[in-house]
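What follows is model12.cif (mmCIF, C-alpha atoms).
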data_target
#
loop_
_atom_site.group_PDB
_atom_site.id
_atom_site.type_symbol
_atom_site.label_atom_id
_atom_site.label_comp_id
_atom_site.auth_asym_id
_atom_site.auth_seq_id
_atom_site.Cartn_x
_atom_site.Cartn_y
_atom_site.Cartn_z
ATOM 1 C CA MET Z 18 -83.796 113.484 29.779
ATOM 2 C CA GLU Z 19 -83.441 109.993 28.329
ATOM 3 C CA THR Z 20 -81.982 108.767 31.619
ATOM 4 C CA ALA Z 21 -84.960 110.065 33.570
ATOM 5 C CA ILE Z 22 -87.427 108.442 31.175
ATOM 6 C CA LEU Z 23 -85.558 105.136 31.333
ATOM 7 C CA ARG Z 24 -85.525 105.215 35.142
ATOM 8 C CA VAL Z 25 -89.236 105.993 35.379
ATOM 9 C CA ALA Z 26 -90.063 103.245 32.855
ATOM 10 C CA THR Z 27 -87.839 100.768 34.723
ATOM 11 C CA GLY Z 28 -89.547 101.605 38.006
ATOM 12 C CA PHE Z 29 -92.973 101.250 36.411
ATOM 13 C CA ILE Z 30 -92.191 97.833 34.886
ATOM 14 C CA ALA Z 31 -90.642 96.639 38.174
ATOM 15 C CA LEU Z 32 -93.797 97.755 40.011
ATOM 16 C CA CYS Z 33 -95.996 95.925 37.494
ATOM 17 C CA LEU Z 34 -93.904 92.774 37.898
ATOM 18 C CA TRP Z 35 -94.207 92.976 41.685
ATOM 19 C CA LEU Z 36 -97.981 93.552 41.538
ATOM 20 C CA VAL Z 37 -98.462 90.514 39.297
ATOM 21 C CA ALA Z 38 -96.075 88.334 41.301
ATOM 22 C CA ARG Z 39 -97.370 89.106 44.793
ATOM 23 C CA GLY Z 40 -100.511 87.010 44.275
ATOM 24 C CA ASP Z 41 -98.481 84.148 42.852
ATOM 25 C CA LEU Z 42 -95.974 84.097 45.723
ATOM 26 C CA ALA Z 43 -98.561 82.375 47.919
ATOM 27 C CA ARG Z 44 -98.954 79.729 45.207
ATOM 28 C CA LEU Z 45 -95.204 79.117 45.039
ATOM 29 C CA ARG Z 46 -94.675 78.949 48.813
ATOM 30 C CA GLY Z 47 -97.201 76.285 49.669
ATOM 31 C CA MET Z 48 -99.390 73.499 48.484
ATOM 32 C CA THR Z 49 -102.098 74.201 45.952
ATOM 33 C CA ARG Z 50 -105.638 72.893 46.364
ATOM 34 C CA SER Z 51 -107.798 71.947 43.416
ATOM 35 C CA VAL Z 52 -111.594 72.184 43.608
ATOM 36 C CA PRO Z 53 -114.494 72.129 41.145
ATOM 37 C CA GLY Z 54 -116.217 75.483 40.740
ATOM 38 C CA GLN Z 55 -119.595 76.181 39.183
ATOM 39 C CA VAL Z 56 -120.227 79.198 36.949
ATOM 40 C CA ILE Z 57 -123.016 81.180 38.626
ATOM 41 C CA GLY Z 58 -122.956 84.275 36.417
ATOM 42 C CA HIS Z 59 -120.767 86.697 34.506
ATOM 43 C CA ARG Z 60 -119.374 90.113 35.358
ATOM 44 C CA CYS Z 61 -119.848 92.497 32.459
ATOM 45 C CA ALA Z 62 -117.440 95.338 31.677
ATOM 46 C CA MET Z 63 -117.619 97.952 28.936
ATOM 47 C CA HIS Z 64 -114.384 98.964 27.177
ATOM 48 C CA ASP Z 65 -114.971 101.445 24.333
ATOM 49 C CA ASN Z 66 -118.457 100.014 23.676
ATOM 50 C CA PRO Z 67 -117.764 96.290 23.222
ATOM 51 C CA ARG Z 68 -118.735 94.242 26.222
ATOM 52 C CA SER Z 69 -116.372 91.882 27.977
ATOM 53 C CA TYR Z 70 -117.410 89.080 30.296
ATOM 54 C CA ALA Z 71 -115.644 87.321 33.163
ATOM 55 C CA PRO Z 72 -117.220 84.242 34.740
ATOM 56 C CA ILE Z 73 -118.062 84.216 38.435
ATOM 57 C CA TYR Z 74 -117.350 80.878 40.112
ATOM 58 C CA ARG Z 75 -118.815 79.410 43.311
ATOM 59 C CA PHE Z 76 -116.980 76.616 45.085
ATOM 60 C CA THR Z 77 -116.743 75.010 48.485
ATOM 61 C CA ALA Z 78 -113.480 75.023 50.421
ATOM 62 C CA GLU Z 79 -112.677 73.703 53.890
ATOM 63 C CA ASP Z 80 -113.990 76.887 55.548
ATOM 64 C CA GLY Z 81 -117.231 77.305 53.566
ATOM 65 C CA THR Z 82 -118.594 78.479 50.237
ATOM 66 C CA HIS Z 83 -116.714 81.128 48.231
ATOM 67 C CA GLU Z 84 -117.279 83.159 45.086
ATOM 68 C CA VAL Z 85 -114.494 84.495 42.868
ATOM 69 C CA THR Z 86 -114.463 86.358 39.565
ATOM 70 C CA ASP Z 87 -112.098 85.178 36.834
ATOM 71 C CA GLN Z 88 -109.189 87.472 35.966
ATOM 72 C CA VAL Z 89 -109.569 86.921 32.223
ATOM 73 C CA TYR Z 90 -112.380 88.602 30.308
ATOM 74 C CA SER Z 91 -113.722 87.403 26.937
ATOM 75 C CA GLY Z 92 -116.044 88.788 24.272
ATOM 76 C CA ALA Z 93 -118.844 86.347 25.081
ATOM 77 C CA PRO Z 94 -120.246 84.986 28.348
ATOM 78 C CA TYR Z 95 -118.231 81.753 28.383
ATOM 79 C CA PRO Z 96 -118.338 79.180 29.951
ATOM 80 C CA PRO Z 97 -122.121 79.040 30.210
ATOM 81 C CA VAL Z 98 -123.860 79.469 33.559
ATOM 82 C CA GLY Z 99 -124.192 76.149 35.367
ATOM 83 C CA SER Z 100 -121.042 74.565 33.914
ATOM 84 C CA TRP Z 101 -118.249 73.249 36.115
ATOM 85 C CA VAL Z 102 -114.584 74.283 35.905
ATOM 86 C CA GLN Z 103 -111.537 73.114 37.843
ATOM 87 C CA LEU Z 104 -110.090 75.873 40.068
ATOM 88 C CA ALA Z 105 -106.813 75.995 41.981
ATOM 89 C CA TYR Z 106 -105.819 78.067 45.009
ATOM 90 C CA PRO Z 107 -103.034 78.130 47.618
ATOM 91 C CA HIS Z 108 -103.745 76.301 50.875
ATOM 92 C CA GLY Z 109 -105.669 78.616 53.175
ATOM 93 C CA ARG Z 110 -106.327 81.273 50.518
ATOM 94 C CA PRO Z 111 -109.553 80.392 48.674
ATOM 95 C CA ASP Z 112 -109.895 84.079 47.772
ATOM 96 C CA LEU Z 113 -107.047 83.501 45.275
ATOM 97 C CA ALA Z 114 -108.843 80.704 43.408
ATOM 98 C CA ARG Z 115 -108.564 80.831 39.635
ATOM 99 C CA VAL Z 116 -108.582 78.630 36.564
ATOM 100 C CA PRO Z 117 -105.018 77.307 36.060
ATOM 101 C CA ARG Z 118 -103.502 78.962 32.975
ATOM 102 C CA PRO Z 119 -99.752 78.306 33.195
ATOM 103 C CA TRP Z 120 -98.944 79.325 29.608
ATOM 104 C CA LEU Z 121 -100.765 82.650 29.914
ATOM 105 C CA TRP Z 122 -98.959 83.571 33.122
ATOM 106 C CA ALA Z 123 -95.603 82.391 31.732
ATOM 107 C CA PHE Z 124 -96.167 84.742 28.782
ATOM 108 C CA VAL Z 125 -97.075 87.670 31.073
ATOM 109 C CA TYR Z 126 -93.990 87.135 33.236
ATOM 110 C CA GLY Z 127 -91.821 86.670 30.151
ATOM 111 C CA VAL Z 128 -92.948 89.965 28.600
ATOM 112 C CA LEU Z 129 -92.452 91.901 31.843
ATOM 113 C CA ILE Z 130 -89.003 90.408 32.471
ATOM 114 C CA LEU Z 131 -87.969 91.015 28.856
ATOM 115 C CA MET Z 132 -89.090 94.651 29.032
ATOM 116 C CA LEU Z 133 -87.261 95.126 32.325
ATOM 117 C CA GLY Z 134 -84.125 93.549 30.835
ATOM 118 C CA VAL Z 135 -84.196 95.820 27.775
ATOM 119 C CA LEU Z 136 -84.613 98.936 29.930
ATOM 120 C CA VAL Z 137 -81.787 97.930 32.279
ATOM 121 C CA ALA Z 138 -79.539 97.021 29.323
ATOM 122 C CA ARG Z 139 -80.190 100.433 27.744
ATOM 123 C CA GLN Z 140 -79.355 102.200 31.006
ATOM 124 C CA MET Z 141 -76.104 100.260 31.256
ATOM 125 C CA ASP Z 142 -75.255 101.243 27.635
ATOM 126 C CA TRP Z 143 -75.304 97.619 26.516
ATOM 127 C CA LEU Z 144 -77.760 98.594 23.773
ATOM 128 C CA PRO Z 145 -77.207 101.393 21.244
ATOM 129 C CA PRO Z 146 -79.375 104.517 21.524
ATOM 130 C CA GLY Z 147 -82.249 105.011 19.203
#

Have the structure of the file written as structure tokens, please.
Amino acid sequence: METAILRVATGFIALCLWLVARGDLARLRGMTRSVPGQVIGHRCAMHDNPRSYAPIYRFTAEDGTHEVTDQVYSGAPYPPVGSWVQLAYPHGRPDLARVPRPWLWAFVYGVLILMLGVLVARQMDWLPPG
């Protein structure tokens, strides 16, 4: 039973890692463009009553004007509407524009890789049970 649980958990973590990494593969393969984006509003989400806000940015790329919603939500509508933020996106993919947060994404990848490593090590009996 433990083997089945470990295999399912390993598959789930590997899937999560792939889902997170697939958007970043375009960033790693090519040149990144940097553009100023203006906050034009906030997307509101409810999670167990408290509200969370993600800014919506508008920017101009070589093929026209685009709008993207930030991937990170906060407890308050920040930055304020009308402010300007630097966005980055892979060449030819303005739909992937986001605020550069290298430390946040390094932490996310680190946690996923660490979890995957622990699960694989347990399956290989490199870690004691329990």

(message) Once the PyMOL selection byres ((chain Z and resi 88-98) around 10) has been evaluated on this model, what residues remain selected, and can you format them as a list in words?
(response)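 Applying the PyMOL selection byres ((chain Z and resi 88-98) around 10) to the structure shown produces Gln55, Val56, Ile57, Gly58, His59, Arg60, Cys61, Ala62, Pro67, Arg68, Ser69, Tyr70, Ala71, Pro72, Ile73, Tyr74, Val85, Thr86, Asp87, Gly99, Ser100, Trp101, Val102, Arg115 and Val116 of chain Z.
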
(request) For the structure provided, state which residues fall under the PyMOL selection byres ((chain Z and resi 124-140) around 12), and present them as a ChimeraX atom specification. (result) /Z:19-38,41,118-123,141-147

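If you look at atom CA of Z:Thr77 and atom CA of Z:Gly40, they are 20.6 Å away from each other.
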
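The space separating atom CA of Z:His83 from atom CA of Z:Met63 comes to 25.6 Å.
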
(request) Evaluate the PyMOL selection byres ((chain Z and resi 109) around 10) on the structure here and hand back the selected residues as a ChimeraX atom specification. (result) /Z:43,47-50,78-80,106-108,110-113

For the selection you just gave me, I'd like the residues written to a file as a short mmCIF file (atom, residue, chain, number, x, y, z; two decimals), in the coordinates of the input, keeping C-alpha atoms.
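The new file result.cif reads:
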data_model
loop_
_atom_site.label_atom_id
_atom_site.label_comp_id
_atom_site.auth_asym_id
_atom_site.auth_seq_id
_atom_site.Cartn_x
_atom_site.Cartn_y
_atom_site.Cartn_z
CA ALA Z 43 -98.56 82.38 47.92
CA GLY Z 47 -97.20 76.28 49.67
CA MET Z 48 -99.39 73.50 48.48
CA THR Z 49 -102.10 74.20 45.95
CA ARG Z 50 -105.64 72.89 46.36
CA ALA Z 78 -113.48 75.02 50.42
CA GLU Z 79 -112.68 73.70 53.89
CA ASP Z 80 -113.99 76.89 55.55
CA TYR Z 106 -105.82 78.07 45.01
CA PRO Z 107 -103.03 78.13 47.62
CA HIS Z 108 -103.74 76.30 50.88
CA ARG Z 110 -106.33 81.27 50.52
CA PRO Z 111 -109.55 80.39 48.67
CA ASP Z 112 -109.90 84.08 47.77
CA LEU Z 113 -107.05 83.50 45.28
#

(request) Quick one: pull the distance between atom CA of Z:Ala105 and atom CA of Z:Gly54, Å, one decimal. (result)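 Interatomic distance, atom CA of Z:Ala105 to atom CA of Z:Gly54: 9.5 Å.
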
(message) Just checking: using only C-alpha atoms, which residue out of Z:Glu84, Z:Gln103, Z:Pro117, Z:Asp65 ends up closest to Z:Arg44?
(response)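 Smallest separation from Z:Arg44 among the options: Z:Pro117.
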